[in-house]
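Have a look at the structure below before the remarks.
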Amino acid sequence: MKYIALLYGEPGAGPAPGTPEFMEMLGEFQSATAAMADAGVLVDSGPLQPPQTATTVRVRDGETQLSDGPFAEIKEQLGGYYILDCEDLDAALRYAAMIPSAKYGSVEVRPVMVMGPH
Amino acid sequence: MAKLAGDLSLAEDCAQEASAAAVEQWPCEGLPANPGGWVVAVARRRALDHLRRESARAGKERQAVQEWAVTDPDGSTVAGDDQLALLFACCHPALNPASRVTLTLRVVCGLPTASIARLLLLPEPAIAQRIVRAKRKIRDAGIRLRVPDPGERPARLASVRRGQGPGHRLQQLGRDRRVCVVVGVDRVRLHGGFPVAGALPPG
């Protein structure tokens, strides 16, 4: 079963870039990712550029409308994701807890819907 | 049953169908040697038929067939770990505490929706909605119906306890069941030598 782990954090939460704590956090990300890859559950993962780089697309009455910025202005920003293929929710939650974002912000785990054949 | 089906609603439907089949067949063919096992075996067969039809739900059938293979031929493995697995699923920490107690009363203790509504002092539609949502989450989020591994048990038992919640004056619900939920004293007693009984702290 596939799950997406969405990594949220407030801007400035967690260690500042350039500090030893920041390097430590990067190390924790690497070891969490390596543990998922070794267990064969990692499908994909990646950090995201900040919300200011986002462009939101809407199509209304056949016309494409673009707006600068994220869909919703919220305090906690989406900063990255992991896609995992796990046997059940418990396994996905265990891996999610290994991601440093769970410590400095939160990780939302959502099952990916299985679509039937068309 | 629910473990096999991975879906509480499907399990309930199949159990009902099997009971209906028993009412039809037993008066003509006589009581089987193991009536409980007979009903479970028929219900399992119904569930497997359904799962085969639903083969779009990837991997489910394979899992179901594997579970089927480890069941006793007379289908007599109905109590014990299966009921515990149900209890742990109903009280999974990914469900909110209100849903945990509601679903446990419904699925583990077998109380009808109307009785749960009276016990929890809530309107019946709210309880029905809560049950539907919780079952849907168990199915769609991939909450497995299983007894947690020893390492996970302390945390999961805490979640079971929180799921029961204090303040409800329910005494020894399901007294005749192997899993005896005592809600009023804010704890769950697991009777009958279950493997997790040793993991429960004293008191």
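The way I read the labels, and the way they are meant: chains A, B, ... in the order of the structure tokens, residue 1 as the first residue of every chain, and ligand 1 as the first ligand shown, with later ones counted on from there.
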For segment 76-81 of chain A: contacts at 10 Å, only C-alpha atoms, fewer than 2 positions along chain excluded, given as an MDAnalysis selection string: chainID A and resid 4:11 13 44:51 70 72:74 83:84 101 105:109
Can you build me a table of chain A residues sitting at most 10 Å from chain B, with the closest atom pair per residue and its distance in Å to one decimal, using only C-alpha atoms, sorted by chain and residue number, as CSV?
```
residue,atom,partner,partner_atom,distance
A:Met1,CA,B:Gly142,CA,7.3
A:Lys2,CA,B:Gly142,CA,9.5
A:Tyr3,CA,B:Ala141,CA,8.6
A:Cys86,CA,B:Gly142,CA,9.3
A:Glu87,CA,B:Gly142,CA,8.0
A:Asp88,CA,B:Gly142,CA,5.0
A:Leu89,CA,B:Gly142,CA,5.1
A:Asp90,CA,B:Ile143,CA,6.9
A:Ala91,CA,B:Ile143,CA,9.7
A:Ala92,CA,B:Gly142,CA,9.6
A:Leu93,CA,B:Ala94,CA,9.4
A:Val109,CA,B:Ala141,CA,9.2
A:Arg110,CA,B:Ala141,CA,7.2
A:Pro111,CA,B:Ala141,CA,5.5
A:Val112,CA,B:Ala141,CA,8.7
A:Met113,CA,B:Asp140,CA,8.0
A:Val114,CA,B:Arg57,CA,7.2
A:Met115,CA,B:Ala56,CA,8.0
A:Gly116,CA,B:Ala56,CA,5.4
A:Pro117,CA,B:Ala56,CA,7.0
```
Same residues, all heavy atoms, output as a compact mmCIF listing (two decimals), in the first residue's frame:
```txt
# COMPACT_ATOMS: atom_id res chain seq x y z
N MET A 1 0.84 -1.19 0.00
CA MET A 1 0.00 0.00 0.00
C MET A 1 0.88 1.25 0.00
O MET A 1 1.83 1.33 0.77
CB MET A 1 -0.86 -0.04 1.26
CG MET A 1 -1.94 0.97 1.29
SD MET A 1 -3.22 0.51 2.47
CE MET A 1 -4.29 1.91 2.25
N LYS A 2 0.54 2.21 -0.88
CA LYS A 2 1.40 3.41 -0.97
C LYS A 2 0.88 4.51 -0.05
O LYS A 2 -0.32 4.73 0.08
CB LYS A 2 1.43 3.91 -2.41
CG LYS A 2 2.31 3.06 -3.31
CD LYS A 2 2.77 3.88 -4.52
CE LYS A 2 3.61 3.02 -5.45
NZ LYS A 2 2.78 2.07 -6.22
N TYR A 3 1.83 5.19 0.56
CA TYR A 3 1.52 6.31 1.45
C TYR A 3 2.38 7.50 1.04
O TYR A 3 3.52 7.32 0.60
CB TYR A 3 1.86 5.97 2.90
CG TYR A 3 1.01 4.86 3.48
CD1 TYR A 3 1.39 3.54 3.35
CD2 TYR A 3 -0.17 5.15 4.15
CE1 TYR A 3 0.61 2.52 3.87
CE2 TYR A 3 -0.96 4.14 4.68
CZ TYR A 3 -0.55 2.83 4.54
OH TYR A 3 -1.32 1.82 5.06
N CYS A 86 4.38 0.53 1.89
CA CYS A 86 4.50 -0.23 3.14
C CYS A 86 3.38 -1.26 3.24
O CYS A 86 2.36 -1.14 2.60
CB CYS A 86 4.39 0.70 4.34
SG CYS A 86 5.75 1.86 4.46
N GLU A 87 3.60 -2.24 4.13
CA GLU A 87 2.57 -3.29 4.26
C GLU A 87 1.32 -2.76 4.97
O GLU A 87 0.22 -3.22 4.69
CB GLU A 87 3.13 -4.52 4.98
CG GLU A 87 3.64 -4.22 6.37
CD GLU A 87 3.93 -5.48 7.18
OE1 GLU A 87 3.40 -6.54 6.81
OE2 GLU A 87 4.68 -5.39 8.15
N ASP A 88 1.47 -1.83 5.87
CA ASP A 88 0.29 -1.27 6.53
C ASP A 88 0.61 0.10 7.12
O ASP A 88 1.73 0.58 7.04
CB ASP A 88 -0.27 -2.22 7.60
CG ASP A 88 0.71 -2.50 8.72
OD1 ASP A 88 1.74 -1.80 8.81
OD2 ASP A 88 0.44 -3.42 9.52
N LEU A 89 -0.43 0.72 7.72
CA LEU A 89 -0.27 2.07 8.26
C LEU A 89 0.79 2.10 9.37
O LEU A 89 1.57 3.06 9.45
CB LEU A 89 -1.61 2.56 8.81
CG LEU A 89 -1.59 3.97 9.42
CD1 LEU A 89 -1.31 5.03 8.36
CD2 LEU A 89 -2.90 4.29 10.13
N ASP A 90 0.83 1.07 10.21
CA ASP A 90 1.80 1.06 11.31
C ASP A 90 3.22 1.21 10.78
O ASP A 90 4.02 1.96 11.34
CB ASP A 90 1.68 -0.23 12.12
CG ASP A 90 0.42 -0.25 12.97
OD1 ASP A 90 -0.06 0.85 13.32
OD2 ASP A 90 -0.07 -1.34 13.28
N ALA A 91 3.54 0.49 9.71
CA ALA A 91 4.89 0.57 9.14
C ALA A 91 5.15 1.98 8.62
O ALA A 91 6.20 2.58 8.89
CB ALA A 91 5.04 -0.45 8.02
N ALA A 92 4.17 2.55 7.92
CA ALA A 92 4.34 3.90 7.37
C ALA A 92 4.55 4.92 8.49
O ALA A 92 5.37 5.82 8.38
CB ALA A 92 3.12 4.28 6.52
N LEU A 93 3.81 4.75 9.59
CA LEU A 93 3.92 5.69 10.72
C LEU A 93 5.29 5.57 11.40
O LEU A 93 5.85 6.56 11.85
CB LEU A 93 2.80 5.44 11.73
CG LEU A 93 1.36 5.69 11.23
CD1 LEU A 93 0.35 5.36 12.32
CD2 LEU A 93 1.18 7.12 10.74
N VAL A 109 0.66 11.71 7.24
CA VAL A 109 0.73 10.48 6.45
C VAL A 109 -0.63 10.21 5.82
O VAL A 109 -1.63 10.13 6.53
CB VAL A 109 1.16 9.28 7.33
CG1 VAL A 109 1.14 7.98 6.52
CG2 VAL A 109 2.55 9.53 7.92
N ARG A 110 -0.66 10.12 4.51
CA ARG A 110 -1.94 9.88 3.81
C ARG A 110 -1.79 8.68 2.89
O ARG A 110 -0.81 8.59 2.14
CB ARG A 110 -2.31 11.09 2.95
CG ARG A 110 -2.66 12.32 3.73
CD ARG A 110 -4.16 12.50 3.90
NE ARG A 110 -4.82 12.81 2.63
CZ ARG A 110 -5.04 14.06 2.21
NH1 ARG A 110 -4.64 15.09 2.92
NH2 ARG A 110 -5.68 14.26 1.09
N PRO A 111 -2.77 7.77 2.90
CA PRO A 111 -2.73 6.67 1.94
C PRO A 111 -2.98 7.20 0.53
O PRO A 111 -3.78 8.11 0.35
CB PRO A 111 -3.85 5.73 2.38
CG PRO A 111 -4.68 6.50 3.34
CD PRO A 111 -3.95 7.73 3.77
N VAL A 112 -2.28 6.62 -0.45
CA VAL A 112 -2.53 6.98 -1.85
C VAL A 112 -3.66 6.09 -2.32
O VAL A 112 -3.65 4.88 -2.11
CB VAL A 112 -1.26 6.75 -2.70
CG1 VAL A 112 -1.54 7.05 -4.16
CG2 VAL A 112 -0.11 7.62 -2.19
N MET A 113 -4.68 6.69 -2.93
CA MET A 113 -5.85 5.92 -3.34
C MET A 113 -5.50 4.98 -4.48
O MET A 113 -4.79 5.37 -5.42
CB MET A 113 -6.96 6.89 -3.77
CG MET A 113 -8.31 6.23 -3.88
SD MET A 113 -9.53 7.34 -4.56
CE MET A 113 -9.93 8.33 -3.14
N VAL A 114 -6.00 3.75 -4.38
CA VAL A 114 -5.78 2.78 -5.46
C VAL A 114 -6.92 2.94 -6.46
O VAL A 114 -8.08 2.81 -6.08
CB VAL A 114 -5.76 1.34 -4.90
CG1 VAL A 114 -5.54 0.34 -6.03
CG2 VAL A 114 -4.67 1.22 -3.83
N MET A 115 -6.58 3.25 -7.71
CA MET A 115 -7.60 3.41 -8.73
C MET A 115 -7.80 2.07 -9.45
O MET A 115 -6.84 1.40 -9.79
CB MET A 115 -7.20 4.49 -9.73
CG MET A 115 -6.94 5.84 -9.10
SD MET A 115 -8.37 6.53 -8.26
CE MET A 115 -9.29 7.15 -9.67
N GLY A 116 -9.05 1.72 -9.68
CA GLY A 116 -9.35 0.49 -10.39
C GLY A 116 -9.03 0.61 -11.87
O GLY A 116 -8.75 1.71 -12.35
N PRO A 117 -9.06 -0.53 -12.58
CA PRO A 117 -8.79 -0.47 -14.04
C PRO A 117 -9.91 0.25 -14.76
O PRO A 117 -11.07 0.20 -14.33
CB PRO A 117 -8.76 -1.96 -14.45
CG PRO A 117 -9.51 -2.68 -13.38
CD PRO A 117 -9.40 -1.88 -12.12
```
Taking the chain letters and numbering used in this document, name the residues of segment 29-73 of chain A that DSSP puts in helix (DSSP H, G or I), as a tab-separated table (two decimals) with N, CA and C atoms, in the first residue's frame.
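Output file part_1.tsv is given in full below:
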```tsv
chain	number	residue	atom	x	y	z
A	29	PHE	N	18.13	13.14	8.25
A	29	PHE	CA	17.34	12.93	7.02
A	29	PHE	C	17.96	11.82	6.19
A	30	GLN	N	19.32	11.90	6.06
A	30	GLN	CA	19.98	10.89	5.23
A	30	GLN	C	19.80	9.49	5.80
A	31	SER	N	19.94	9.37	7.13
A	31	SER	CA	19.84	8.01	7.67
A	31	SER	C	18.39	7.50	7.64
A	32	ALA	N	17.42	8.40	7.79
A	32	ALA	CA	16.01	7.98	7.67
A	32	ALA	C	15.74	7.50	6.24
A	33	THR	N	16.22	8.30	5.26
A	33	THR	CA	16.00	7.93	3.86
A	33	THR	C	16.69	6.60	3.54
A	34	ALA	N	17.93	6.44	4.07
A	34	ALA	CA	18.67	5.20	3.81
A	34	ALA	C	17.95	4.01	4.43
A	35	ALA	N	17.38	4.18	5.63
A	35	ALA	CA	16.66	3.07	6.28
A	35	ALA	C	15.45	2.66	5.45
A	36	MET	N	14.74	3.65	4.89
A	36	MET	CA	13.57	3.34	4.05
A	36	MET	C	14.00	2.64	2.77
A	37	ALA	N	15.11	3.13	2.18
A	37	ALA	CA	15.59	2.53	0.94
A	37	ALA	C	16.06	1.10	1.19
A	38	ASP	N	16.78	0.88	2.31
A	38	ASP	CA	17.28	-0.46	2.62
A	38	ASP	C	16.14	-1.44	2.85
A	51	PRO	N	7.65	28.05	-0.45
A	51	PRO	CA	6.34	28.38	-1.02
A	51	PRO	C	6.37	29.60	-1.94
A	52	GLN	N	7.31	30.54	-1.70
A	52	GLN	CA	7.37	31.74	-2.55
A	52	GLN	C	7.64	31.37	-4.00
A	53	THR	N	8.18	30.17	-4.25
A	53	THR	CA	8.48	29.76	-5.63
A	53	THR	C	7.28	29.10	-6.29
```
Between atom CA of Ser9 of chain B and atom CA of Tyr95 of chain A - distance in Å to one decimal: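 Rounded to one decimal, the two atoms are 29.1 Å apart.
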What lies within 12 Å of Arg106 of chain B using only C-alpha atoms, ignoring chain neighbours under 2 positions off, as a CSV table (one decimal) with all heavy atoms, in the first residue's frame?
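Contents of the output file selection.csv:
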```csv
chain,number,residue,atom,x,y,z
B,8,LEU,N,-14.3,-4.1,8.1
B,8,LEU,CA,-15.3,-4.5,9.1
B,8,LEU,C,-16.7,-4.6,8.6
B,8,LEU,O,-17.4,-5.5,9.0
B,8,LEU,CB,-15.2,-3.5,10.3
B,8,LEU,CG,-13.9,-3.4,11.1
B,8,LEU,CD1,-14.0,-2.3,12.1
B,8,LEU,CD2,-13.6,-4.7,11.7
B,9,SER,N,-17.0,-3.7,7.7
B,9,SER,CA,-18.4,-3.8,7.1
B,9,SER,C,-18.6,-5.1,6.3
B,9,SER,O,-19.6,-5.8,6.4
B,9,SER,CB,-18.7,-2.6,6.2
B,9,SER,OG,-18.6,-1.4,6.9
B,12,GLU,N,-18.9,-8.0,8.7
B,12,GLU,CA,-20.3,-8.1,9.3
B,12,GLU,C,-21.3,-8.6,8.3
B,12,GLU,O,-22.1,-9.4,8.6
B,12,GLU,CB,-20.7,-6.7,9.8
B,12,GLU,CG,-20.1,-6.3,11.1
B,12,GLU,CD,-20.6,-4.9,11.6
B,12,GLU,OE1,-21.2,-4.2,10.8
B,12,GLU,OE2,-20.2,-4.6,12.7
B,86,LEU,N,-8.8,-7.4,16.8
B,86,LEU,CA,-10.0,-6.5,16.5
B,86,LEU,C,-9.9,-5.4,17.6
B,86,LEU,O,-10.1,-4.2,17.2
B,86,LEU,CB,-11.3,-7.3,16.7
B,86,LEU,CG,-12.1,-7.7,15.5
B,86,LEU,CD1,-13.4,-8.3,16.0
B,86,LEU,CD2,-12.3,-6.6,14.5
B,87,LEU,N,-9.7,-5.7,18.8
B,87,LEU,CA,-9.7,-4.7,19.9
B,87,LEU,C,-8.6,-3.7,19.6
B,87,LEU,O,-8.8,-2.5,19.7
B,87,LEU,CB,-9.4,-5.4,21.2
B,87,LEU,CG,-9.3,-4.5,22.4
B,87,LEU,CD1,-10.6,-3.7,22.7
B,87,LEU,CD2,-8.9,-5.3,23.7
B,90,CYS,N,-9.6,-1.5,16.7
B,90,CYS,CA,-10.6,-0.5,17.1
B,90,CYS,C,-10.0,0.6,17.9
B,90,CYS,O,-10.6,1.7,18.0
B,90,CYS,CB,-11.7,-1.2,17.9
B,90,CYS,SG,-12.7,-2.3,16.8
B,99,SER,N,-13.9,7.8,18.6
B,99,SER,CA,-14.1,6.8,17.7
B,99,SER,C,-13.7,5.4,18.2
B,99,SER,O,-14.3,4.4,18.0
B,99,SER,CB,-13.4,7.0,16.4
B,99,SER,OG,-13.8,8.1,15.7
B,100,ARG,N,-12.6,5.4,19.0
B,100,ARG,CA,-12.1,4.2,19.6
B,100,ARG,C,-13.1,3.5,20.5
B,100,ARG,O,-13.4,2.3,20.3
B,100,ARG,CB,-10.8,4.4,20.4
B,100,ARG,CG,-9.6,4.7,19.5
B,100,ARG,CD,-8.4,5.0,20.4
B,100,ARG,NE,-7.6,6.0,19.9
B,100,ARG,CZ,-6.7,6.7,20.5
B,100,ARG,NH1,-6.4,6.4,21.8
B,100,ARG,NH2,-6.0,7.7,20.0
B,101,VAL,N,-13.7,4.3,21.4
B,101,VAL,CA,-14.6,3.7,22.3
B,101,VAL,C,-15.9,3.3,21.6
B,101,VAL,O,-16.4,2.2,21.8
B,101,VAL,CB,-15.0,4.7,23.5
B,101,VAL,CG1,-15.7,5.9,23.1
B,101,VAL,CG2,-15.8,3.9,24.6
B,102,THR,N,-16.4,4.1,20.7
B,102,THR,CA,-17.6,3.8,19.9
B,102,THR,C,-17.4,2.5,19.1
B,102,THR,O,-18.2,1.6,19.2
B,102,THR,CB,-17.9,4.9,19.0
B,102,THR,OG1,-17.9,6.1,19.7
B,102,THR,CG2,-19.3,4.7,18.4
B,103,LEU,N,-16.3,2.4,18.4
B,103,LEU,CA,-16.0,1.2,17.5
B,103,LEU,C,-15.8,0.0,18.4
B,103,LEU,O,-16.3,-1.1,18.0
B,103,LEU,CB,-14.8,1.5,16.7
B,103,LEU,CG,-14.7,0.7,15.4
B,103,LEU,CD1,-16.0,0.9,14.5
B,103,LEU,CD2,-13.5,1.0,14.6
B,104,THR,N,-15.2,0.1,19.5
B,104,THR,CA,-15.0,-1.1,20.4
B,104,THR,C,-16.3,-1.6,20.9
B,104,THR,O,-16.6,-2.8,20.9
B,104,THR,CB,-14.1,-0.7,21.6
B,104,THR,OG1,-12.9,-0.2,21.1
B,104,THR,CG2,-13.8,-1.9,22.5
B,108,VAL,N,-16.3,-5.0,19.1
B,108,VAL,CA,-15.8,-6.0,20.0
B,108,VAL,C,-16.9,-6.5,21.0
B,108,VAL,O,-17.0,-7.7,21.3
B,108,VAL,CB,-14.6,-5.5,20.8
B,108,VAL,CG1,-14.0,-6.5,21.8
B,108,VAL,CG2,-13.5,-5.0,19.9
B,109,CYS,N,-17.7,-5.5,21.5
B,109,CYS,CA,-18.7,-5.9,22.5
B,109,CYS,C,-20.0,-6.2,21.8
B,109,CYS,O,-20.9,-6.8,22.4
B,109,CYS,CB,-18.9,-4.8,23.5
B,109,CYS,SG,-17.5,-4.3,24.3
B,110,GLY,N,-20.2,-5.9,20.5
B,110,GLY,CA,-21.3,-6.3,19.7
B,110,GLY,C,-22.6,-5.5,20.1
B,110,GLY,O,-23.7,-6.0,19.9
B,111,LEU,N,-22.4,-4.3,20.7
B,111,LEU,CA,-23.6,-3.5,21.0
B,111,LEU,C,-24.2,-2.9,19.8
B,111,LEU,O,-23.5,-2.4,18.9
B,111,LEU,CB,-23.3,-2.4,22.0
B,111,LEU,CG,-22.9,-2.8,23.5
B,111,LEU,CD1,-22.8,-1.5,24.3
B,111,LEU,CD2,-24.0,-3.6,24.0
B,112,PRO,N,-25.6,-2.8,19.7
B,112,PRO,CA,-26.2,-2.1,18.6
B,112,PRO,C,-26.0,-0.6,18.7
B,112,PRO,O,-25.8,-0.1,19.8
B,112,PRO,CB,-27.7,-2.5,18.7
B,112,PRO,CG,-27.9,-3.2,20.0
B,112,PRO,CD,-26.5,-3.5,20.6
B,113,THR,N,-26.1,0.0,17.6
B,113,THR,CA,-25.9,1.5,17.5
B,113,THR,C,-26.8,2.2,18.5
B,113,THR,O,-26.3,3.1,19.2
B,113,THR,CB,-26.2,2.0,16.1
B,113,THR,OG1,-25.4,1.2,15.2
B,113,THR,CG2,-25.8,3.5,16.0
B,114,ALA,N,-28.0,1.8,18.7
B,114,ALA,CA,-29.0,2.5,19.5
B,114,ALA,C,-28.5,2.4,21.0
B,114,ALA,O,-28.5,3.4,21.7
B,114,ALA,CB,-30.4,1.9,19.4
B,115,SER,N,-28.0,1.3,21.4
B,115,SER,CA,-27.5,1.1,22.8
B,115,SER,C,-26.3,2.0,23.0
B,115,SER,O,-26.1,2.6,24.1
B,115,SER,CB,-27.1,-0.3,23.1
B,115,SER,OG,-28.2,-1.2,22.7
B,116,ILE,N,-25.4,2.0,22.0
B,116,ILE,CA,-24.2,2.9,22.2
B,116,ILE,C,-24.6,4.3,22.4
B,116,ILE,O,-24.0,5.0,23.2
B,116,ILE,CB,-23.2,2.7,21.0
B,116,ILE,CG1,-22.8,1.2,20.9
B,116,ILE,CG2,-22.0,3.6,21.2
B,116,ILE,CD1,-22.0,0.9,19.6
B,117,ALA,N,-25.5,4.7,21.6
B,117,ALA,CA,-26.0,6.1,21.6
B,117,ALA,C,-26.5,6.4,23.0
B,117,ALA,O,-26.3,7.5,23.6
B,117,ALA,CB,-27.1,6.3,20.6
B,119,LEU,N,-25.8,4.9,25.8
B,119,LEU,CA,-24.7,4.8,26.8
B,119,LEU,C,-23.8,6.1,26.8
B,119,LEU,O,-23.4,6.6,27.8
B,119,LEU,CB,-23.8,3.6,26.5
B,119,LEU,CG,-24.3,2.3,26.9
B,119,LEU,CD1,-23.5,1.1,26.2
B,119,LEU,CD2,-24.3,2.1,28.4
B,127,ILE,N,-23.6,8.6,16.3
B,127,ILE,CA,-22.9,7.3,16.6
B,127,ILE,C,-22.7,6.5,15.3
B,127,ILE,O,-21.6,6.0,15.0
B,127,ILE,CB,-23.6,6.5,17.6
B,127,ILE,CG1,-23.6,7.2,19.0
B,127,ILE,CG2,-23.0,5.1,17.8
B,127,ILE,CD1,-22.3,7.4,19.6
B,128,ALA,N,-23.8,6.4,14.5
B,128,ALA,CA,-23.7,5.7,13.3
B,128,ALA,C,-22.7,6.2,12.3
B,128,ALA,O,-21.9,5.5,11.7
B,128,ALA,CB,-25.1,5.6,12.6
B,130,ARG,N,-20.1,8.1,13.2
B,130,ARG,CA,-18.8,7.9,13.7
B,130,ARG,C,-18.3,6.4,13.4
B,130,ARG,O,-17.1,6.3,13.1
B,130,ARG,CB,-18.9,8.0,15.3
B,130,ARG,CG,-17.6,8.3,16.0
B,130,ARG,CD,-17.9,8.4,17.4
B,130,ARG,NE,-18.1,9.7,17.9
B,130,ARG,CZ,-18.4,10.0,19.2
B,130,ARG,NH1,-18.5,9.0,20.1
B,130,ARG,NH2,-18.6,11.2,19.6
B,131,ILE,N,-19.2,5.5,13.5
B,131,ILE,CA,-18.8,4.1,13.2
B,131,ILE,C,-18.4,3.9,11.8
B,131,ILE,O,-17.4,3.3,11.4
B,131,ILE,CB,-19.9,3.1,13.6
B,131,ILE,CG1,-20.1,3.1,15.1
B,131,ILE,CG2,-19.7,1.7,13.1
B,131,ILE,CD1,-21.4,2.4,15.6
B,132,VAL,N,-19.2,4.5,10.9
B,132,VAL,CA,-18.9,4.4,9.4
B,132,VAL,C,-17.6,5.1,9.1
B,132,VAL,O,-16.7,4.5,8.4
B,132,VAL,CB,-20.0,5.1,8.6
B,132,VAL,CG1,-19.6,5.3,7.2
B,132,VAL,CG2,-21.3,4.3,8.7
B,134,ALA,N,-15.0,5.6,11.1
B,134,ALA,CA,-13.9,4.8,11.7
B,134,ALA,C,-13.6,3.6,10.9
B,134,ALA,O,-12.4,3.3,10.7
B,134,ALA,CB,-14.2,4.5,13.2
B,135,LYS,N,-14.7,2.9,10.5
B,135,LYS,CA,-14.5,1.7,9.7
B,135,LYS,C,-13.8,2.0,8.4
B,135,LYS,O,-12.9,1.3,7.9
B,135,LYS,CB,-15.8,1.0,9.4
B,135,LYS,CG,-16.4,0.2,10.6
B,135,LYS,CD,-17.7,-0.4,10.1
B,135,LYS,CE,-18.4,-1.1,11.2
B,135,LYS,NZ,-19.7,-1.6,10.8
B,173,LEU,N,-19.0,-5.1,30.3
B,173,LEU,CA,-19.7,-5.3,29.1
B,173,LEU,C,-19.2,-6.6,28.5
B,173,LEU,O,-18.0,-7.0,28.5
B,173,LEU,CB,-19.3,-4.2,28.1
B,173,LEU,CG,-20.2,-3.0,28.1
B,173,LEU,CD1,-19.5,-1.9,27.4
B,173,LEU,CD2,-21.5,-3.4,27.5
B,174,GLY,N,-20.1,-7.3,27.9
B,174,GLY,CA,-19.8,-8.6,27.3
B,174,GLY,C,-19.2,-9.6,28.3
B,174,GLY,O,-18.1,-10.1,28.0
```
Straight-line distance linking atom CA of Met25 of chain A with atom CA of Arg156 of chain B, stated in Å to one decimal: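 Straight-line distance from atom CA of Met25 of chain A to atom CA of Arg156 of chain B works out to 28.6 Å.
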